[in-house]
Each structure stands twice: as structure tokens, then as C-alpha cells.
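One structure below.
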Amino acid sequence: MSEIVTASFKSGSYIIVEGAESDNTFFIIKKGKVQLNRTLDIPDLAKRTLSTGDFFEVESALSKKRRLSTAIALTDCEIHIIPFEMFDTLISRQPSLVQKIIISFSQRMRNLDHYLTQINYKEISEITSDKLFAVGSYYSANNQHTLAAFAFHNFVKENPSDSRVAEAKKNLERLKELIPEHSKLEEEIANINRTVPQGSMIFSEGMQGNAMYLIQSGEVRICKIAYDKEILLAKLVKGDIFGEMALIENKLRSASAISDSECNLLVINHDTFPLIIKRQQKLITRITSVLAGRIWFVSRQIENAMLPPGLPRIYDALVFMLEHKGIGTDYDKTDVIDMELTTDELFKFTGLNKKEGINSLKQLVELDEILIKGDNILLKRPKHIHSRSLYFKHLDKVKKKKDRAK
């Protein structure tokens, strides 16, 4: 499909089905009401009723992934079906609608991140600026001095009357003797181009968000601290965008961004963002596509977190990583697949502690399904891993059904 079409749907008919392959189209309701249903029981996301002017499935269209929802016509409907290729045209014709899409994506991502943390680590508190102290304490205890100094510095700056300021200052003075002289202790947003050394904190959760970033080169990890653990939310590379949620919503950062290599970043702040929406259609398409992919990624991560710990989560996570890399589970070549994933990253993704994770991986090695080379995971039997993942999901579904019956 290369143009916008309008289709009619009778009341009660299915428009799309969750899990189906996407044809890279999304929908805007011209007339009528639509109900969105999702398998995941996430507050405000599991079931929604939409009406004239609302949109849905932009995430799957822009990320080119499977459908996230089942959409059913509650009344007779007329719906615009828009191909991914027409998104640039939509930006020029209806910039206010595109801004609405970006804001809704940002809000949804914040809800998803919060929910993932809640179910994996039982942390339910809202992000506040004193979160910086916990971030500093975690990285200090793990001898990541540059990251700890950044967090403590900004904690002192943003919480001058907090009772822990004296302790934070003492830690900061100690850490300054251990970090390189060129280390930056504040987020720098004045220049449009920024170079960040490896192992630097670009910003921390709990800080006020004043900019978003486009990675021109390098690698960045997005993570957060909960109950003395670092949760890996995303690994980003050249072309990826991050930091957009706090900028768009004018709220505190909900996660930290850390450079895993030297990075060259394009900085987009409050002053330049409105101009970019009007003038840089390709970049806005990129921003919304990145957000769409991240929504799909975290939704899938939540699905994983709802499985029992151990093998069910490990199998599902490996299948997910194959999907993320664009490799089908019917891959039948004899080549070993480098997942470009360390064991530590897998444990952080699944929320498993090190002991649980190592025991599960040992079983997969014994079954000749994976190899561990150094700290990296190599996959040998993707079709079998996929079938085992489906088996464990079926067992979990049956168990939950029995539990509900009781």
C-alpha cells in the first residue's frame, strides 16, 4: 500500500488481531468507536475505547513489528488506513496530530517503564530528584566512580536542603580524586554537537529533562536503579534517539543514559524542538519510529517478566532477541548465531539474579542449544528454542487459569 485509503467496518468486526504480522500500516478513526484489547494486563493499556480522531497501532507500523493489540469495531466505523511511507506526508499536513502521537508515545513509555520496574522489582514510588542519591550510592558501591560522582553532584545541586547533602558532598569529594579530570558532572545541552567519553553518565534518573539526543556514533545504555540492581531498559546505537520523554513532557528523567563507548551526540533542547517538528520531517519520523520500537521492546519485556523465573524467561528472552534482530525462528542454517548479548545483559533483561540466570544457562548449554564464548551468548537451535518457549508459555497459561478458577 502506497497511499491513504478509507475502509468501512461493521459493528462487532475485527480490524486487526494482536500478534499478527504488521503490514506497516496504522489507523485513524474517521467515524465511530473502536475497542482495543491487549493480553498484557497493564493499567490504562490493557483495554481502551477510542473514537473519532483517535489513532492506533502506530507503534507496530513504525517499528515494523507484530500487532500489539486486537481492535474491534464497537459501532459501524470508517477508518483511515495509513502506510508507514506516508508518515512524512502526514507530518507536513497535520503537524498537530504528529505532536499528539509523539506525546502519547512518551506517556505510554513512561507508564511501561514504571510498570516493568514495579513487577520485576516491586518498586512503585514515583521518580523524584532525591532518586539521585540512590543512583550515586549504587554506582559508588560498585566502584563506578564517574557515574557515582555525576549523580551525587546533581543530588547536591537539586536537593540543597536534604538531610543527606553532607554525606553526598563527602562522597563527592572522595570520588573526585578517583575520576579523570575531563569527567563532566552535569548534563551539557548548550551545544548542538557533543562528544561523550566512554563510561560517562549523560544524564541520571531523577534529573530535570532539558534535551533529547540523536546518536551519531557510539553506544548508549538506558537503565535505572531499583532495589540495589541496575535494570537494563535498552541498548542504543548510531541513529537511535533517547531522552525524549522528559523533554516532551517536561518531567524528571525516568531512567539514566550511560555511554558504553565514546559517543558523538546531536543535542535537541527545548528551544530547537518546536522548529524541528516544523522543518525536519525525516528526523520527526525517526523520533516516532524509535519511540514505537521502544514501546514494542518494553511491552515484550513486560510479557517476559510475567513468566515464571528461570528457563521460561530465558527461552522467551532468546526468542525475543531473535525477533529484535530480525531473525525468524524458522532459521535453519547451521551457522551459530551471535546474539551480541552478554550473560549479564540477559539477566538484567529478564530480571533474574545471577544464580538463577547461571543455572538456567547451564541447562541450555547441556541441551546443546547455546554456547557461551567468553561472556557472550551464541545460539545454536533457534527453532527448538522457539518451540520450548511456546511450551513454557502454555504451561504458565494453564497454571494461571487454574489459579483463577480456585
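The chains in the C-alpha cells are called A, B, ... from first to last as shown; in each chain the residues are counted from 1, and the ligands are counted from 1 in the order shown.
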
Long-range neighbours of Leu367 (chain A) as JSON, numbers by chain, 12 Å cut-off, only C-alpha atoms, 6 positions minimum in chain: {"A": [360, 361, 379, 380, 381, 384, 385, 388]}

Restricting the output to N, CA, C and O atoms, write the selected residues as a PDB file, in the first residue's frame.
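Output saved as out-v5.pdb:
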ATOM      1  N   SER A 360      20.077 -21.542  34.728  1.00  0.00           N
ATOM      2  CA  SER A 360      19.274 -21.735  33.514  1.00  0.00           C
ATOM      3  C   SER A 360      20.167 -21.877  32.282  1.00  0.00           C
ATOM      4  O   SER A 360      19.936 -22.742  31.428  1.00  0.00           O
ATOM      5  N   LEU A 361      21.191 -21.025  32.182  1.00  0.00           N
ATOM      6  CA  LEU A 361      22.077 -21.084  31.019  1.00  0.00           C
ATOM      7  C   LEU A 361      22.858 -22.396  30.999  1.00  0.00           C
ATOM      8  O   LEU A 361      23.116 -22.954  29.919  1.00  0.00           O
ATOM      9  N   LEU A 379      23.764 -18.717  19.808  1.00  0.00           N
ATOM     10  CA  LEU A 379      22.565 -19.562  19.701  1.00  0.00           C
ATOM     11  C   LEU A 379      22.779 -20.633  18.638  1.00  0.00           C
ATOM     12  O   LEU A 379      23.264 -20.348  17.543  1.00  0.00           O
ATOM     13  N   LYS A 380      22.375 -21.887  18.963  1.00  0.00           N
ATOM     14  CA  LYS A 380      22.597 -22.998  18.039  1.00  0.00           C
ATOM     15  C   LYS A 380      21.306 -23.528  17.418  1.00  0.00           C
ATOM     16  O   LYS A 380      21.292 -23.931  16.266  1.00  0.00           O
ATOM     17  N   ARG A 381      20.195 -23.542  18.183  1.00  0.00           N
ATOM     18  CA  ARG A 381      18.977 -24.216  17.705  1.00  0.00           C
ATOM     19  C   ARG A 381      17.757 -23.304  17.893  1.00  0.00           C
ATOM     20  O   ARG A 381      16.921 -23.540  18.773  1.00  0.00           O
ATOM     21  N   HIS A 384      14.147 -24.950  17.904  1.00  0.00           N
ATOM     22  CA  HIS A 384      13.855 -25.705  19.113  1.00  0.00           C
ATOM     23  C   HIS A 384      13.637 -24.771  20.294  1.00  0.00           C
ATOM     24  O   HIS A 384      12.750 -24.995  21.133  1.00  0.00           O
ATOM     25  N   ILE A 385      14.433 -23.714  20.373  1.00  0.00           N
ATOM     26  CA  ILE A 385      14.271 -22.736  21.454  1.00  0.00           C
ATOM     27  C   ILE A 385      12.902 -22.082  21.375  1.00  0.00           C
ATOM     28  O   ILE A 385      12.231 -21.866  22.387  1.00  0.00           O
ATOM     29  N   ARG A 388      10.302 -24.582  22.643  1.00  0.00           N
ATOM     30  CA  ARG A 388      10.369 -24.699  24.096  1.00  0.00           C
ATOM     31  C   ARG A 388       9.761 -23.469  24.779  1.00  0.00           C
ATOM     32  O   ARG A 388       9.098 -23.578  25.806  1.00  0.00           O
TER      33      ARG A 388
END

Could you name the residues that touch region 247-264 of chain A at 7 Å or less, counting only C-alpha atoms, but leaving out those on the same chain fewer than 2 positions away, as a PyMOL selection string? chain A and resi 103+127+194-212+215-224+243-245+270

With a distance cut-off of 12 Å and only C-alpha atoms, select the neighbouring residues of Gly374 (chain A), excluding the residue or stretch itself and same-chain residues fewer than 6 positions from it, and output the selection as a VMD selection string. chain A and resid 340 to 344

Restricting it to N, CA, C and O atoms, dump the selection as a CSV table (one decimal), in the first residue's frame.
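Saved file again.csv follows:
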chain,number,residue,atom,x,y,z
A,340,GLU,N,25.0,-11.1,20.2
A,340,GLU,CA,25.5,-9.8,20.6
A,340,GLU,C,24.9,-9.4,21.9
A,340,GLU,O,24.4,-8.3,22.1
A,341,LEU,N,24.9,-10.4,22.8
A,341,LEU,CA,24.3,-10.2,24.1
A,341,LEU,C,25.1,-10.9,25.2
A,341,LEU,O,25.5,-12.1,25.0
A,342,THR,N,25.5,-10.2,26.2
A,342,THR,CA,26.2,-10.9,27.3
A,342,THR,C,25.3,-11.5,28.3
A,342,THR,O,24.1,-11.2,28.4
A,343,THR,N,25.8,-12.4,29.1
A,343,THR,CA,25.0,-13.1,30.1
A,343,THR,C,24.5,-12.1,31.1
A,343,THR,O,23.3,-12.2,31.5
A,344,ASP,N,25.3,-11.1,31.5
A,344,ASP,CA,24.8,-10.1,32.4
A,344,ASP,C,23.7,-9.3,31.9
A,344,ASP,O,22.7,-9.0,32.6

Near region 394-406 of chain A, counting only C-alpha atoms, which residues have an atom at most 12 Å away, once you skip same-chain residues fewer than 3 positions from it, shown as a list in words?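 Skipping anything fewer than 3 positions along the chain leaves Thr39, Glu303, Asn304, Met306, Leu307, Pro308, Pro309, Leu311, Pro312, Arg313, Asp316, Ser387, Arg388, Ser389, Leu390 and Tyr391 of chain A.
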
Selection file, N, CA, C and O atoms, as an mmCIF file, in the first residue's frame:
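out37.cif was written with the following content:
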data_model
loop_
_atom_site.group_PDB
_atom_site.id
_atom_site.type_symbol
_atom_site.label_atom_id
_atom_site.label_comp_id
_atom_site.auth_asym_id
_atom_site.auth_seq_id
_atom_site.Cartn_x
_atom_site.Cartn_y
_atom_site.Cartn_z
ATOM 1 N N THR A 39 -3.490 -8.556 25.597
ATOM 2 C CA THR A 39 -3.333 -9.674 26.521
ATOM 3 C C THR A 39 -2.688 -9.227 27.819
ATOM 4 O O THR A 39 -3.075 -9.653 28.903
ATOM 5 N N GLU A 303 6.006 -8.718 29.098
ATOM 6 C CA GLU A 303 5.474 -10.058 28.853
ATOM 7 C C GLU A 303 6.431 -11.113 29.414
ATOM 8 O O GLU A 303 6.010 -12.095 30.029
ATOM 9 N N ASN A 304 7.724 -10.884 29.218
ATOM 10 C CA ASN A 304 8.732 -11.803 29.747
ATOM 11 C C ASN A 304 8.721 -11.823 31.270
ATOM 12 O O ASN A 304 8.809 -12.884 31.893
ATOM 13 N N MET A 306 6.351 -11.430 33.258
ATOM 14 C CA MET A 306 5.171 -12.076 33.814
ATOM 15 C C MET A 306 5.265 -13.603 33.779
ATOM 16 O O MET A 306 4.403 -14.295 34.315
ATOM 17 N N LEU A 307 6.329 -14.118 33.161
ATOM 18 C CA LEU A 307 6.561 -15.570 33.150
ATOM 19 C C LEU A 307 7.281 -15.984 34.435
ATOM 20 O O LEU A 307 7.929 -15.160 35.083
ATOM 21 N N PRO A 308 7.211 -17.267 34.809
ATOM 22 C CA PRO A 308 7.939 -17.736 35.991
ATOM 23 C C PRO A 308 9.443 -17.542 35.793
ATOM 24 O O PRO A 308 9.950 -17.652 34.669
ATOM 25 N N PRO A 309 10.192 -17.263 36.871
ATOM 26 C CA PRO A 309 11.652 -17.108 36.762
ATOM 27 C C PRO A 309 12.311 -18.401 36.272
ATOM 28 O O PRO A 309 11.746 -19.485 36.374
ATOM 29 N N LEU A 311 14.030 -20.962 33.411
ATOM 30 C CA LEU A 311 14.009 -21.336 31.991
ATOM 31 C C LEU A 311 12.909 -20.663 31.181
ATOM 32 O O LEU A 311 13.156 -20.264 30.036
ATOM 33 N N PRO A 312 11.657 -20.530 31.698
ATOM 34 C CA PRO A 312 10.625 -19.868 30.886
ATOM 35 C C PRO A 312 11.031 -18.472 30.423
ATOM 36 O O PRO A 312 10.821 -18.115 29.261
ATOM 37 N N ARG A 313 11.617 -17.703 31.313
ATOM 38 C CA ARG A 313 12.039 -16.344 30.935
ATOM 39 C C ARG A 313 13.243 -16.359 29.996
ATOM 40 O O ARG A 313 13.318 -15.553 29.064
ATOM 41 N N ASP A 316 12.091 -17.423 26.467
ATOM 42 C CA ASP A 316 11.324 -16.346 25.861
ATOM 43 C C ASP A 316 12.218 -15.165 25.483
ATOM 44 O O ASP A 316 12.044 -14.564 24.418
ATOM 45 N N SER A 387 10.156 -23.438 20.103
ATOM 46 C CA SER A 387 9.127 -24.407 20.499
ATOM 47 C C SER A 387 9.126 -24.594 22.014
ATOM 48 O O SER A 387 8.069 -24.746 22.626
ATOM 49 N N ARG A 388 10.302 -24.582 22.643
ATOM 50 C CA ARG A 388 10.369 -24.699 24.096
ATOM 51 C C ARG A 388 9.761 -23.469 24.779
ATOM 52 O O ARG A 388 9.098 -23.578 25.806
ATOM 53 N N SER A 389 9.974 -22.313 24.179
ATOM 54 C CA SER A 389 9.388 -21.090 24.722
ATOM 55 C C SER A 389 7.862 -21.162 24.700
ATOM 56 O O SER A 389 7.192 -20.832 25.681
ATOM 57 N N LEU A 390 7.311 -21.629 23.579
ATOM 58 C CA LEU A 390 5.861 -21.785 23.467
ATOM 59 C C LEU A 390 5.343 -22.807 24.475
ATOM 60 O O LEU A 390 4.257 -22.631 25.061
ATOM 61 N N TYR A 391 6.111 -23.860 24.705
ATOM 62 C CA TYR A 391 5.722 -24.899 25.672
ATOM 63 C C TYR A 391 5.620 -24.306 27.088
ATOM 64 O O TYR A 391 4.626 -24.517 27.787
#

Write out as a PyMOL selection string the residues lying within 8 Å of region 80-91 of chain A, counting only C-alpha atoms and excluding same-chain residues fewer than 3 positions away. chain A and resi 1-7+24-30+61-62+94-95+97-98+281-282+285

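Note that the spacing between CA of Val319 (chain A) and CA of Ser106 (chain A) amounts to 26.4 Å.
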
Which of region 287-354 of chain A end up as helix (DSSP H, G or I) when DSSP is run on this backbone - answer as a PyMOL selection string? chain A and resi 287-305+311-325+343-350+354

Record the distance separating CA of His114 (chain A) and CA of Thr350 (chain A), expressed in Å with one decimal.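 Separation between CA of His114 (chain A) and CA of Thr350 (chain A): 15.5 Å.
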
Set the distance at 12 Å and use only C-alpha atoms: which residues neighbour Phe9 (chain A) once local chain neighbours fewer than 4 positions away are removed? I'd like the list as a PyMOL selection string. chain A and resi 13-16+29-34+71-81

Of A:Ile119, A:Pro180, A:Asp113, A:Lys157, the one nearest to His145 (chain A) when counting only C-alpha atoms is A:Pro180

Can you pull out the residues contacting Thr288 (chain A)? Cut-off 10 Å, using only C-alpha atoms, and skip same-chain residues under 2 positions away; I want them as a PyMOL selection string. chain A and resi 58-59+62-63+87+98-99+101-103+105-106+241+283-286+290-294

Can you tell me how far CA of Gln301 (chain A) sits from CA of Ile377 (chain A), in Å to one decimal?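 These two atoms are separated by 18.5 Å.
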